[in-house]
Amino acid sequence: MLDIKKIRLEPDRYADGLKNRGCTVAIPKLLKIDDERKLLIAKVDDLRAAMNKSAREISAANASEKQAKILTAQKLKESLKSSEKALELASEEFTAIMYKLPNLPFGDVPVGKNEADNKVLRNVGQKKTFSYKPKDYFEIATNLDLIDTDRAARVSGTRFGYLKGQLVMAQFALIQFTLSRLTNEAWLSKVIKKAKLSVPSQAFVPVLPPDMIRMEVFRAMGKLDPGQEEERYHLPKDNLYLIGSAEHTLGPYFLNETLKAEQLPVRFIGYSTNFRREAGSYGKDTKGILRVHQFDKLEMFSFSRPDLSREEHRFFLAIQETLMQELKLPYRVVHVCTGDMVSTDAEQFDIESWLPGQNNGTGEYRETHSTSNSTDFQARRLNTKYSDGKHSELVHTINGTAFAMGRTLVALIENYQTEKGGLALPKILMK
RNA sequence: GGAGGCGUGCCGGAGUGGUUGAACGGGCCGGUCUUGAAAACCGGAAUACCUGCAAAGGUAUCGUAGGUUCGAAUCCUACCGCCUCCGCCA
């Protein structure tokens, strides 16, 4: 959620930024609704003050005048109730609009309508040349009996898969590899230095978070906002939702807490199973495991001081890139444009991995990673602050994929396939 | 799933309808004393919102949301969470 006070100070900047995101809410109208709301707050506060005063008088009054005073107070209460009702309606209208507003993009985020306007920042890594037409990962994996979606469909429906055998071993190797890097301060320090950043090098704390989340908390994370609800699995009997990323339960870890300034940044590397309904993607990637209802992912999350959040965000990107380079997977970095960003983000980078077997063997880039700076947008609803002992302020939250298991396995299979239809995975995973 | 208990400020802990933002103790911050510290003594300290240039004033907050009442930390209801016992169980 945005801060109405900041919107009031710079209405034009907000209007422009939100317009670039394709948000149609009119700022002047919002401010007018807020004005009306404030008038009602003043009215209700005055009436409550009068009520408090009369209650004190009743308590002090002697028996003879008490009854008359109570009668006056009762009348006062009637008018208070009607004003309170009016305030409640005005507040609901105001909040409904505020919840619709996405985060304000930074001024240097590329402006654009949709995916087509995203800006490719760089291509990294050597694309392997094949002496034959490289195969699709699904063909290879099916031949080696590493992925079975037919039986999964029988058991669980479309967009599910069984991962088997050496592919499972590869997933756990990938997990070990990643955790060993993100918990290693010396390694992180090298990443920071190479990226010319000045954030501290403290290690990520590995976390296995809950895979289910309460409705109120999910809402506070901004992940049930209009348009997103359809993407979530809901368990009505218990009123719980299945998470779509470890981000969803890592973010609220410090719900309603104030951290000490010297604690920051707090860095988590969470591993979770993620559930997505993939509503509205019918007919897209129906084969294989590129787009499934359930997949595992290692997700980075950081609570940062506001003045360092942009560096922390670039640090996340640098980690993603370094990990990809260690696996020798070619990729490109994309600066996501205003129209294509996730609603809670002020800035977003994606990494798209090179998949040589896609597109009938000519290859294509597919999104495998994403990293976002949500500034104080999530922290405001989560009420997560930090304090230096004198002042307290909302923290900034940063999230980013370390590795999404399924799609990374896809990239590994396609890039490390052999002519005979086997796999020669990188040594770094072979331990 | 059954039975019972409990949720007060940074912490402990009073408070069962009337100036209670909340006794008391500890911790914390500032000061006096001291060569310095400790002890002792004195003083200070919550958050959010509204009005205001400010000083200041007002409102709300005793798990959360409603309700009863002129008045609620105190009474009622629901929800959330924690604890104990029984049952079931990876």
# chains A, B, ... in the order shown; residues from 1 in each chain; ligands from 1
>>> interface_residues(of="chain A", to="chain B", cutoff="6 Å", atoms="only C-alpha atoms (C1' of nucleotides)", output="VMD selection string")
chain A and resid 42 45 55 59 70 73
>>> residues_around(residues="segment 176-190 of chain A", least_positions_apart="6", cutoff="10 Å", atoms="only C-alpha atoms (C1' of nucleotides)", output="PyMOL selection string")
chain A and resi 170+196-206+267-271+298+300+315+318-319+322-323+327+402-403+428-431
>>> write_last_selection(atoms="C-alpha atoms", output="PDB file, in the first residue's frame")
ATOM      1  CA  ALA A 170      19.979 -33.168  -9.426  1.00  0.00           C
ATOM      2  CA  LYS A 196      30.910  -2.809  -7.006  1.00  0.00           C
ATOM      3  CA  LEU A 197      28.287  -2.656  -4.259  1.00  0.00           C
ATOM      4  CA  SER A 198      28.690  -1.603  -0.639  1.00  0.00           C
ATOM      5  CA  VAL A 199      26.084  -3.708   1.152  1.00  0.00           C
ATOM      6  CA  PRO A 200      27.241  -5.837   4.107  1.00  0.00           C
ATOM      7  CA  SER A 201      28.252  -9.423   3.370  1.00  0.00           C
ATOM      8  CA  GLN A 202      26.308 -11.158   6.101  1.00  0.00           C
ATOM      9  CA  ALA A 203      25.026 -14.610   5.292  1.00  0.00           C
ATOM     10  CA  PHE A 204      21.513 -15.655   4.383  1.00  0.00           C
ATOM     11  CA  VAL A 205      19.664 -17.671   7.024  1.00  0.00           C
ATOM     12  CA  PRO A 206      18.156 -20.825   5.491  1.00  0.00           C
ATOM     13  CA  ARG A 267      18.489 -12.062   4.809  1.00  0.00           C
ATOM     14  CA  PHE A 268      16.565 -15.279   4.371  1.00  0.00           C
ATOM     15  CA  ILE A 269      16.990 -18.045   1.835  1.00  0.00           C
ATOM     16  CA  GLY A 270      13.705 -19.949   1.902  1.00  0.00           C
ATOM     17  CA  TYR A 271      12.855 -23.268   0.296  1.00  0.00           C
ATOM     18  CA  LEU A 298      14.694 -21.390  -3.399  1.00  0.00           C
ATOM     19  CA  MET A 300      15.889 -14.968  -1.306  1.00  0.00           C
ATOM     20  CA  PHE A 315      23.040  -7.494  -4.878  1.00  0.00           C
ATOM     21  CA  ALA A 318      24.392 -10.166  -8.798  1.00  0.00           C
ATOM     22  CA  ILE A 319      23.864 -13.352  -6.759  1.00  0.00           C
ATOM     23  CA  THR A 322      26.901 -15.466 -10.298  1.00  0.00           C
ATOM     24  CA  LEU A 323      25.042 -18.690  -9.565  1.00  0.00           C
ATOM     25  CA  LEU A 327      26.480 -23.506 -13.630  1.00  0.00           C
ATOM     26  CA  ALA A 402      17.754 -18.121  -6.170  1.00  0.00           C
ATOM     27  CA  PHE A 403      16.627 -21.058  -8.299  1.00  0.00           C
ATOM     28  CA  ILE A 428      29.827 -28.521  -9.540  1.00  0.00           C
ATOM     29  CA  LEU A 429      26.561 -30.435  -9.011  1.00  0.00           C
ATOM     30  CA  MET A 430      28.089 -33.882  -9.136  1.00  0.00           C
ATOM     31  CA  LYS A 431      29.200 -34.170  -5.502  1.00  0.00           C
TER      32      LYS A 431
END
>>> residues_around(residues="U77 of chain B", least_positions_apart="3", cutoff="12 Å", atoms="only C-alpha atoms (C1' of nucleotides)", output="VMD selection string")
chain B and resid 65 to 68
>>> select_by_dssp(residues="segment 169-225 of chain A", states="alpha helix (DSSP H)", output="count of residues only")
30
>>> closest_residue(among="A:Asp34, A:Glu326, A:Glu311, A:Glu115", to="Lys5 of chain A", atoms="only C-alpha atoms")
A:Asp34
